[in-house]
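Coordinates as given in input39.tsv (TSV, C-alpha atoms and all ligand atoms):
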chain	number	residue	atom	x	y	z
R	1	MET	CA	20.19	20.90	-12.80
R	2	ILE	CA	19.78	18.71	-15.87
R	3	VAL	CA	18.92	15.17	-14.83
R	4	LYS	CA	20.91	12.56	-16.75
R	5	ARG	CA	21.05	9.52	-14.46
R	6	ILE	CA	18.26	8.41	-12.17
R	7	GLY	CA	18.03	5.68	-9.55
R	8	VAL	CA	14.92	3.69	-8.69
R	9	LEU	CA	14.16	1.77	-5.50
R	10	THR	CA	11.33	0.03	-3.70
R	11	SER	CA	11.23	0.25	0.08
R	12	GLY	CA	9.10	-0.73	3.08
R	13	GLY	CA	6.22	-3.18	2.66
R	14	ASP	CA	6.02	-4.75	-0.78
R	15	ALA	CA	2.90	-4.37	-2.91
R	16	PRO	CA	1.71	-6.00	-6.14
R	17	GLY	CA	2.42	-3.64	-9.01
R	18	MET	CA	5.74	-2.38	-7.65
R	19	SER	CA	7.57	-4.37	-10.33
R	20	ALA	CA	5.38	-2.81	-13.02
R	21	ALA	CA	6.17	0.63	-11.58
R	22	ILE	CA	9.94	-0.07	-11.69
R	23	ARG	CA	9.61	-1.19	-15.29
R	24	ALA	CA	7.69	1.97	-16.14
R	25	VAL	CA	10.37	4.18	-14.56
R	26	VAL	CA	13.11	2.35	-16.49
R	27	ARG	CA	11.33	2.40	-19.83
R	28	ALA	CA	10.19	6.01	-19.47
R	29	GLY	CA	13.68	7.07	-18.36
R	30	LEU	CA	15.30	5.37	-21.34
R	31	SER	CA	12.74	6.87	-23.71
R	32	TYR	CA	13.77	10.34	-22.46
R	33	GLY	CA	17.46	9.50	-22.99
R	34	LEU	CA	18.34	8.99	-19.31
R	35	GLU	CA	20.47	6.28	-17.74
R	36	VAL	CA	18.56	4.32	-15.10
R	37	TYR	CA	20.07	2.52	-12.09
R	38	ALA	CA	18.56	-0.09	-9.82
R	39	ILE	CA	19.08	0.50	-6.11
R	40	TYR	CA	18.48	-2.92	-4.55
R	41	ASN	CA	16.67	-3.47	-1.24
R	42	GLY	CA	15.48	0.08	-0.75
R	43	TYR	CA	17.51	2.51	1.33
R	44	LEU	CA	19.64	-0.37	2.59
R	45	GLY	CA	21.00	-0.84	-0.95
R	46	MET	CA	21.60	2.89	-1.24
R	47	TYR	CA	23.56	2.78	2.02
R	48	GLU	CA	25.52	-0.34	1.02
R	49	GLY	CA	26.10	0.79	-2.57
R	50	ASN	CA	24.10	-2.13	-3.98
R	51	ILE	CA	23.49	-0.32	-7.27
R	52	GLU	CA	23.47	-1.52	-10.88
R	53	ARG	CA	22.68	-0.03	-14.25
R	54	LEU	CA	19.45	-1.23	-15.87
R	55	TYR	CA	18.71	-1.62	-19.55
R	56	ARG	CA	15.58	-2.09	-21.60
R	57	LYS	CA	15.90	-5.85	-21.39
R	58	SER	CA	16.49	-5.81	-17.62
R	59	VAL	CA	12.79	-5.09	-17.15
R	60	SER	CA	11.29	-7.38	-19.79
R	61	ASP	CA	8.25	-9.32	-18.64
R	62	LYS	CA	8.13	-7.58	-15.27
R	63	THR	CA	4.67	-6.02	-15.52
R	64	ARG	CA	2.79	-9.11	-14.45
R	65	ILE	CA	4.94	-10.32	-11.58
R	66	GLY	CA	4.06	-9.82	-7.92
R	67	GLY	CA	6.32	-8.37	-5.24
R	68	THR	CA	9.29	-6.26	-6.23
R	69	PHE	CA	12.16	-7.67	-8.27
R	70	LEU	CA	14.52	-5.04	-6.84
R	71	GLY	CA	13.83	-6.34	-3.34
R	72	THR	CA	12.86	-4.26	-0.35
R	73	ALA	CA	14.18	-3.87	3.17
R	74	ARG	CA	13.74	-1.80	6.27
R	75	LEU	CA	16.57	0.44	7.45
R	76	PRO	CA	15.29	2.47	10.43
R	77	GLU	CA	18.71	4.16	10.69
R	78	PHE	CA	17.96	6.03	7.45
R	79	LYS	CA	16.30	8.64	9.72
R	80	GLU	CA	19.82	9.64	10.75
R	81	GLU	CA	21.49	12.26	8.58
R	82	SER	CA	24.89	10.53	8.91
R	83	VAL	CA	23.43	7.35	7.36
R	84	ARG	CA	21.85	9.32	4.52
R	85	GLU	CA	25.23	11.03	3.93
R	86	VAL	CA	26.82	7.62	3.26
R	87	ALA	CA	23.94	6.75	0.90
R	88	ILE	CA	24.36	10.06	-0.95
R	89	GLU	CA	28.09	9.39	-1.39
R	90	ASN	CA	27.16	6.09	-3.08
R	91	LEU	CA	24.74	7.90	-5.41
R	92	LYS	CA	27.53	10.34	-6.30
R	93	HIS	CA	29.88	7.45	-7.01
R	94	TYR	CA	27.50	6.38	-9.81
R	95	ASP	CA	26.75	10.02	-10.81
R	96	ILE	CA	23.09	9.44	-10.00
R	97	ASP	CA	21.38	12.86	-10.05
R	98	ALA	CA	17.90	11.95	-8.81
R	99	VAL	CA	15.92	9.05	-7.35
R	100	VAL	CA	12.42	7.61	-7.72
R	101	CYS	CA	11.33	6.07	-4.40
R	102	ILE	CA	8.44	3.59	-4.58
R	103	GLY	CA	6.75	2.70	-1.29
R	104	GLY	CA	4.57	3.87	1.55
R	105	ASP	CA	4.72	6.72	4.03
R	106	GLY	CA	8.03	5.57	5.57
R	107	THR	CA	9.59	5.46	2.12
R	108	TYR	CA	8.24	8.97	1.49
R	109	ARG	CA	9.90	10.20	4.71
R	110	GLY	CA	13.18	8.77	3.44
R	111	ALA	CA	12.67	10.52	0.07
R	112	LEU	CA	11.96	13.78	1.89
R	113	GLY	CA	15.17	13.35	3.92
R	114	LEU	CA	17.17	12.99	0.70
R	115	HIS	CA	15.41	15.94	-0.91
R	116	GLU	CA	16.25	18.11	2.10
R	117	MET	CA	19.91	17.14	1.65
R	118	GLY	CA	19.88	18.26	-1.99
R	119	ILE	CA	19.09	15.01	-3.82
R	120	PRO	CA	16.05	15.39	-6.09
R	121	THR	CA	13.47	12.71	-5.28
R	122	VAL	CA	10.01	11.78	-6.47
R	123	GLY	CA	7.80	9.27	-4.64
R	124	ILE	CA	5.42	6.74	-6.18
R	125	PRO	CA	2.77	5.37	-3.80
R	126	GLY	CA	3.25	1.59	-3.55
R	127	THR	CA	1.35	0.10	-0.62
R	128	ILE	CA	-1.64	-2.20	-0.30
R	129	ASP	CA	-2.97	-0.09	2.59
R	130	ASN	CA	-4.01	2.91	0.44
R	131	ASP	CA	-2.87	5.02	3.38
R	132	ILE	CA	-1.26	7.88	1.47
R	133	SER	CA	-3.17	11.12	1.72
R	134	GLY	CA	-3.67	13.15	-1.45
R	135	THR	CA	-3.91	10.20	-3.80
R	136	GLU	CA	-7.15	8.34	-4.36
R	137	PHE	CA	-5.28	5.09	-4.93
R	138	THR	CA	-1.90	3.55	-4.20
R	139	ILE	CA	-0.34	0.80	-6.33
R	140	GLY	CA	-1.23	-2.60	-4.83
R	141	PHE	CA	-4.49	-1.62	-3.14
R	142	ASP	CA	-6.71	-2.89	-5.95
R	143	THR	CA	-4.93	-6.27	-6.11
R	144	ALA	CA	-5.00	-6.71	-2.33
R	145	LEU	CA	-8.67	-5.75	-2.24
R	146	ASN	CA	-9.49	-8.34	-4.90
R	147	THR	CA	-7.52	-10.98	-2.96
R	148	ALA	CA	-9.34	-10.14	0.27
R	149	VAL	CA	-12.73	-10.19	-1.47
R	150	GLU	CA	-12.01	-13.59	-3.02
R	151	CYS	CA	-11.02	-15.02	0.39
R	152	VAL	CA	-14.06	-13.56	2.15
R	153	ASP	CA	-16.38	-14.92	-0.56
R	154	LYS	CA	-14.95	-18.39	0.09
R	155	LEU	CA	-15.33	-18.06	3.84
R	156	ARG	CA	-18.89	-16.92	3.33
R	157	ASP	CA	-19.77	-20.21	1.59
R	158	THR	CA	-18.67	-22.30	4.54
R	159	SER	CA	-19.96	-19.87	7.12
R	160	ALA	CA	-23.46	-19.95	5.59
R	161	SER	CA	-23.48	-23.77	5.43
R	162	HIS	CA	-22.71	-23.99	9.16
R	163	ARG	CA	-24.76	-21.03	10.42
R	164	ARG	CA	-21.62	-19.31	11.59
R	165	CYS	CA	-20.18	-15.87	11.93
R	166	SER	CA	-16.87	-15.43	10.13
R	167	ILE	CA	-14.55	-12.88	11.67
R	168	ILE	CA	-11.89	-11.97	9.13
R	169	GLU	CA	-8.84	-9.86	9.83
R	170	VAL	CA	-7.46	-7.87	6.92
R	171	MET	CA	-4.38	-5.61	6.71
R	172	GLY	CA	-4.43	-1.84	7.15
R	173	ARG	CA	-3.50	-0.94	10.72
R	174	ASN	CA	-3.26	2.78	10.00
R	175	CYS	CA	-5.92	3.07	7.35
R	176	GLY	CA	-9.29	1.34	7.15
R	177	ASP	CA	-9.68	1.46	3.36
R	178	LEU	CA	-8.93	-2.23	2.81
R	179	ALA	CA	-11.37	-3.22	5.58
R	180	VAL	CA	-14.19	-0.88	4.53
R	181	TRP	CA	-13.89	-1.59	0.79
R	182	THR	CA	-13.76	-5.34	1.47
R	183	ALA	CA	-16.83	-5.03	3.70
R	184	ILE	CA	-18.77	-3.18	0.97
R	185	ALA	CA	-17.68	-5.60	-1.76
R	186	THR	CA	-18.59	-8.73	0.22
R	187	GLY	CA	-21.81	-7.52	1.84
R	188	ALA	CA	-20.37	-7.92	5.34
R	189	GLU	CA	-22.49	-7.20	8.40
R	190	TYR	CA	-19.91	-5.22	10.32
R	191	VAL	CA	-16.53	-3.58	9.89
R	192	VAL	CA	-14.04	-2.52	12.53
R	193	CYS	CA	-11.10	-0.28	11.63
R	194	LYS	CA	-9.08	2.61	13.01
R	195	GLU	CA	-11.55	5.20	11.79
R	196	THR	CA	-14.69	3.46	13.10
R	197	GLY	CA	-13.25	2.18	16.39
R	198	LEU	CA	-14.93	-0.78	18.11
R	199	ASP	CA	-18.32	-0.44	19.80
R	200	MET	CA	-18.92	-3.97	21.12
R	201	GLU	CA	-22.55	-3.35	22.05
R	202	ASP	CA	-23.36	-2.00	18.59
R	203	LEU	CA	-21.52	-4.92	16.98
R	204	LEU	CA	-23.46	-7.54	18.99
R	205	ASN	CA	-26.77	-5.75	18.33
R	206	THR	CA	-26.06	-5.70	14.60
R	207	ILE	CA	-25.14	-9.40	14.50
R	208	ASN	CA	-28.19	-10.35	16.58
R	209	LYS	CA	-30.41	-8.34	14.24
R	210	SER	CA	-29.00	-10.03	11.17
R	211	ALA	CA	-29.45	-13.46	12.84
R	212	LEU	CA	-33.22	-12.87	12.62
R	213	SER	CA	-33.14	-13.03	8.83
R	214	LYS	CA	-29.82	-14.63	7.82
R	215	ASN	CA	-27.98	-17.88	8.40
R	216	HIS	CA	-24.51	-16.36	8.63
R	217	ALA	CA	-22.69	-13.15	9.35
R	218	ILE	CA	-19.38	-11.61	8.32
R	219	ILE	CA	-17.32	-9.20	10.36
R	220	ILE	CA	-14.26	-7.57	8.77
R	221	VAL	CA	-11.62	-6.34	11.21
R	222	ALA	CA	-8.50	-4.34	10.36
R	223	GLU	CA	-5.32	-5.66	11.98
R	224	ASN	CA	-4.32	-4.27	15.36
R	225	MET	CA	-7.87	-3.20	16.24
R	226	VAL	CA	-8.94	-5.99	18.60
R	227	ASP	CA	-8.00	-9.55	19.55
R	228	ILE	CA	-10.23	-11.43	17.11
R	229	ASN	CA	-10.27	-14.54	19.30
R	230	TYR	CA	-11.77	-12.46	22.10
R	231	LEU	CA	-14.25	-11.02	19.59
R	232	ALA	CA	-15.17	-14.56	18.47
R	233	LYS	CA	-15.81	-15.59	22.10
R	234	GLU	CA	-18.14	-12.62	22.60
R	235	VAL	CA	-20.06	-13.31	19.38
R	236	SER	CA	-20.36	-17.06	20.17
R	237	GLU	CA	-21.66	-16.35	23.67
R	238	LYS	CA	-23.95	-13.43	22.95
R	239	THR	CA	-25.44	-14.16	19.49
R	240	PRO	CA	-26.99	-17.29	17.92
R	241	PHE	CA	-23.87	-17.77	15.75
R	242	GLN	CA	-20.76	-19.78	16.50
R	243	ALA	CA	-17.88	-17.55	15.42
R	244	ARG	CA	-14.74	-18.61	13.56
R	245	THR	CA	-11.70	-16.43	12.91
R	246	SER	CA	-9.41	-16.13	9.88
R	247	VAL	CA	-6.37	-13.89	9.49
R	248	LEU	CA	-5.66	-13.19	5.80
R	249	GLY	CA	-2.16	-11.87	6.60
R	250	HIS	CA	0.57	-11.62	4.00
R	251	ILE	CA	-1.45	-13.43	1.34
R	252	GLN	CA	-2.93	-9.97	0.67
R	253	ARG	CA	0.48	-8.70	-0.37
R	254	GLY	CA	1.15	-11.40	-2.93
R	255	GLY	CA	0.00	-12.43	-6.36
R	256	LYS	CA	-0.06	-10.95	-9.82
R	257	PRO	CA	-1.05	-7.31	-9.89
R	258	SER	CA	-4.53	-6.54	-11.18
R	259	ALA	CA	-4.89	-4.83	-14.55
R	260	ARG	CA	-5.83	-1.64	-12.75
R	261	ASP	CA	-2.67	-1.66	-10.62
R	262	ARG	CA	-0.54	-2.37	-13.71
R	263	VAL	CA	-2.02	0.52	-15.63
R	264	MET	CA	-1.67	2.88	-12.68
R	265	ALA	CA	1.95	1.73	-12.19
R	266	GLY	CA	2.65	2.55	-15.85
R	267	GLU	CA	1.08	6.00	-15.62
R	268	MET	CA	2.77	6.83	-12.32
R	269	GLY	CA	6.18	5.64	-13.49
R	270	VAL	CA	6.06	7.90	-16.55
R	271	LYS	CA	4.86	10.85	-14.45
R	272	ALA	CA	7.66	10.38	-11.89
R	273	VAL	CA	10.35	10.51	-14.60
R	274	GLU	CA	8.75	13.55	-16.22
R	275	ALA	CA	8.59	15.31	-12.85
R	276	LEU	CA	12.33	14.78	-12.29
R	277	ILE	CA	13.13	16.02	-15.79
R	278	GLU	CA	11.03	19.14	-15.09
R	279	GLY	CA	13.15	19.78	-11.99
R	280	GLN	CA	10.56	18.79	-9.38
R	281	SER	CA	11.75	17.30	-6.09
R	282	GLY	CA	10.28	16.36	-2.71
R	283	VAL	CA	7.04	15.55	-4.48
R	284	CYS	CA	5.05	12.37	-5.04
R	285	VAL	CA	2.83	11.13	-7.81
R	286	CYS	CA	-0.88	11.08	-6.98
R	287	ILE	CA	-4.25	10.40	-8.53
R	288	GLN	CA	-6.76	13.17	-7.96
R	289	ASP	CA	-10.18	13.11	-9.60
R	290	GLY	CA	-8.83	10.25	-11.71
R	291	LYS	CA	-5.94	12.34	-13.06
R	292	ILE	CA	-2.24	11.73	-12.45
R	293	CYS	CA	-0.47	14.69	-10.88
R	294	THR	CA	2.28	15.49	-8.35
R	295	ARG	CA	2.01	16.99	-4.88
R	296	PRO	CA	4.50	17.83	-2.15
R	297	ILE	CA	5.35	14.73	-0.10
R	298	LYS	CA	4.58	16.69	3.07
R	299	GLU	CA	0.92	16.89	1.99
R	300	ALA	CA	0.82	13.17	1.26
R	301	LEU	CA	1.82	12.42	4.84
R	302	GLN	CA	-1.24	14.10	6.34
R	303	ASP	CA	-4.19	12.30	7.94
R	304	LYS	CA	-6.80	10.91	5.50
R	305	SER	CA	-9.40	9.56	7.93
R	306	SER	CA	-12.19	11.85	6.64
R	307	VAL	CA	-12.01	10.18	3.19
R	308	ILE	CA	-12.52	6.74	4.76
R	309	LYS	CA	-15.39	8.00	6.88
R	310	ASP	CA	-17.23	8.98	3.67
R	311	LYS	CA	-16.85	5.41	2.37
R	312	TYR	CA	-17.97	4.05	5.74
R	313	LYS	CA	-21.18	6.08	5.43
R	314	VAL	CA	-21.91	4.13	2.23
R	315	PHE	CA	-21.26	0.84	4.03
R	316	SER	CA	-23.57	1.76	6.89
R	317	ARG	CA	-26.48	2.25	4.43
R	318	LEU	CA	-26.07	-1.20	2.90
R	319	GLY	CA	-26.80	-3.41	5.94
R	401	LIG	P1	6.55	1.93	4.14
R	401	LIG	O1	7.33	2.72	3.14
R	401	LIG	O2	5.86	0.76	3.53
R	401	LIG	O3	5.66	2.81	5.00
R	401	LIG	P2	8.43	1.71	6.41
R	401	LIG	O4	7.63	2.57	7.32
R	401	LIG	O5	9.04	0.49	6.97
R	401	LIG	O6	7.59	1.23	5.12
R	401	LIG	O7	9.58	2.64	5.79
R	401	LIG	C1	10.47	2.13	4.83
R	401	LIG	C2	11.84	2.67	5.06
R	401	LIG	O8	11.84	4.10	4.86
R	401	LIG	C3	12.41	2.51	6.47
R	401	LIG	O9	12.94	1.21	6.70
R	401	LIG	C4	13.48	3.56	6.48
R	401	LIG	O10	14.63	3.12	5.79
R	401	LIG	C5	12.84	4.69	5.67
R	401	LIG	N1	12.22	5.68	6.59
R	401	LIG	C6	11.10	5.53	7.32
R	401	LIG	N2	10.85	6.62	8.07
R	401	LIG	C7	11.87	7.49	7.81
R	401	LIG	C8	12.22	8.81	8.29
R	401	LIG	N3	11.46	9.45	9.17
R	401	LIG	N4	13.32	9.38	7.77
R	401	LIG	C9	14.10	8.74	6.87
R	401	LIG	N5	13.84	7.51	6.39
R	401	LIG	C10	12.75	6.88	6.85

How does this structure look as structure tokens?
Amino acid sequence: MIVKRIGVLTSGGDAPGMSAAIRAVVRAGLSYGLEVYAIYNGYLGMYEGNIERLYRKSVSDKTRIGGTFLGTARLPEFKEESVREVAIENLKHYDIDAVVCIGGDGTYRGALGLHEMGIPTVGIPGTIDNDISGTEFTIGFDTALNTAVECVDKLRDTSASHRRCSIIEVMGRNCGDLAVWTAIATGAEYVVCKETGLDMEDLLNTINKSALSKNHAIIIVAENMVDINYLAKEVSEKTPFQARTSVLGHIQRGGKPSARDRVMAGEMGVKAVEALIEGQSGVCVCIQDGKICTRPIKEALQDKSSVIKDKYKVFSRLG
């Protein structure tokens, strides 16, 4: 099938750089002579028919803005074939031949569902969690990492002045990249994430050891791993430090995308359009060995814990 009209959507959790990726899809599509349509609010907009044609000017000045200017939403019912059938009818109404789906693993599952029903789809990884297997980086991870590092640096200043232990919760419930990379970049004493698990005895031993030579300590914890208030109580009772907790939360999702995320969004947007023109479907754009390529979405949904464990080995040598 010759692709003439493509749709683009962002879905699931937002990530800085998504807007730059949308812009790249639009500009690349237009440069190849395609018509490009916005599908607002992810799969919800596809289901509701919230679709509009985009032009060159529609995406002016979008590279540097945070969030996603197409909006995002969650529509759990998209798992049901009958809901996807309604969405596909709406695509047909606009003669949209193929769709670029920007988001995380849930978004990829939605794209796969469409592909299996005959709609060509290509995924672009947009998530701060970096939890997509098969790509070294996802759009938004670098910006979120820089935000987390900036916050931890600030907490370190006050923690050192008061001889405290800062316990800082970062995002990434299913993937410890944000936690481990933040820990390496800030010189933290300890990191707890899905891949490392929590060994309380080891944690307390490490903090007690560092108390012999340092006037503060930093523990980075990925969300959903442990109640950080309980952890703070343990550290305050069983080490020389008084512990304080901070949850970075959604601040990690916001802000202007970093230069790196913008560049990657540009490269991935162009690649996604080219993949659709070549007739690819059910694939996603990835970075492997620094090169942009495509892989089947099914491979991108596999477990990536071994990659994080390699990075954790680096962290464990830096204490
Ligand atoms: P993310 O893409 O950031 O992982 P979600 O997991 O919330 O975010 O998924 C985003 C959306 O993708 C969901 O709200 C739903 O519409 C769609 N989706 C998720 N899982 C599936 C699935 N198994 N089949 C079809 N669509 C899905």

*asked:* Would you pick out the contacts of region 162-177 of chain R at 8 Å or less, using only C-alpha atoms, so that residues sharing its chain but fewer than 6 positions from it are not included, and give the list as an NGL selection string?
replied: :R and (128-131 or 148 or 152 or 155-156 or 193-195 or 215-225 or 228 or 232 or 235 or 241-249 or 252 or 305 or 308)

Measuring between only C-alpha atoms, which one of R:Ala160, R:Val314, R:Cys101, R:Ala259 shows the shortest distance to Lys214 (chain R)?
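Residue with the minimum atom-to-atom distance to Lys214 (chain R): R:Ala160.
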
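Picture a line from CA of Gly134 (chain R) to CA of Gly103 (chain R); it runs 14.8 Å.
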
Any residue with an atom at most 8 Å from ligand LIG 401 (chain R) counts, using all atoms listed in the file. Which are they? Put them as a list of chain:residue names. R:Ser11, R:Gly12, R:Gly13, R:Asp14, R:Gly42, R:Tyr43, R:Leu44, R:Ala73, R:Arg74, R:Leu75, R:Pro76, R:Glu77, R:Phe78, R:Lys79, R:Glu80, R:Ile102, R:Gly103, R:Gly104, R:Asp105, R:Gly106, R:Thr107, R:Tyr108, R:Arg109, R:Gly110, R:Ala111, R:Leu112, R:Gly113, R:Gly126, R:Thr127

How would the residues just chosen look if you wrote them out with C-alpha atoms as a PDB file, in the coordinates of the input?
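Wrote again.pdb, looks like this:
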ATOM      1  CA  SER R  11      11.230   0.250   0.080  1.00  0.00           C
ATOM      2  CA  GLY R  12       9.100  -0.730   3.080  1.00  0.00           C
ATOM      3  CA  GLY R  13       6.220  -3.180   2.660  1.00  0.00           C
ATOM      4  CA  ASP R  14       6.020  -4.750  -0.780  1.00  0.00           C
ATOM      5  CA  GLY R  42      15.480   0.080  -0.750  1.00  0.00           C
ATOM      6  CA  TYR R  43      17.510   2.510   1.330  1.00  0.00           C
ATOM      7  CA  LEU R  44      19.640  -0.370   2.590  1.00  0.00           C
ATOM      8  CA  ALA R  73      14.180  -3.870   3.170  1.00  0.00           C
ATOM      9  CA  ARG R  74      13.740  -1.800   6.270  1.00  0.00           C
ATOM     10  CA  LEU R  75      16.570   0.440   7.450  1.00  0.00           C
ATOM     11  CA  PRO R  76      15.290   2.470  10.430  1.00  0.00           C
ATOM     12  CA  GLU R  77      18.710   4.160  10.690  1.00  0.00           C
ATOM     13  CA  PHE R  78      17.960   6.030   7.450  1.00  0.00           C
ATOM     14  CA  LYS R  79      16.300   8.640   9.720  1.00  0.00           C
ATOM     15  CA  GLU R  80      19.820   9.640  10.750  1.00  0.00           C
ATOM     16  CA  ILE R 102       8.440   3.590  -4.580  1.00  0.00           C
ATOM     17  CA  GLY R 103       6.750   2.700  -1.290  1.00  0.00           C
ATOM     18  CA  GLY R 104       4.570   3.870   1.550  1.00  0.00           C
ATOM     19  CA  ASP R 105       4.720   6.720   4.030  1.00  0.00           C
ATOM     20  CA  GLY R 106       8.030   5.570   5.570  1.00  0.00           C
ATOM     21  CA  THR R 107       9.590   5.460   2.120  1.00  0.00           C
ATOM     22  CA  TYR R 108       8.240   8.970   1.490  1.00  0.00           C
ATOM     23  CA  ARG R 109       9.900  10.200   4.710  1.00  0.00           C
ATOM     24  CA  GLY R 110      13.180   8.770   3.440  1.00  0.00           C
ATOM     25  CA  ALA R 111      12.670  10.520   0.070  1.00  0.00           C
ATOM     26  CA  LEU R 112      11.960  13.780   1.890  1.00  0.00           C
ATOM     27  CA  GLY R 113      15.170  13.350   3.920  1.00  0.00           C
ATOM     28  CA  GLY R 126       3.250   1.590  -3.550  1.00  0.00           C
ATOM     29  CA  THR R 127       1.350   0.100  -0.620  1.00  0.00           C
TER      30      THR R 127
END

| message | Using all atoms listed in the file, can you tell me which of R:Cys151, R:Ile119, R:Ile88, R:Val180 comes closest to Gln280 (chain R)? | response |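 Ranking R:Cys151, R:Ile119, R:Ile88, R:Val180 by distance to Gln280 (chain R), first place goes to R:Ile119.
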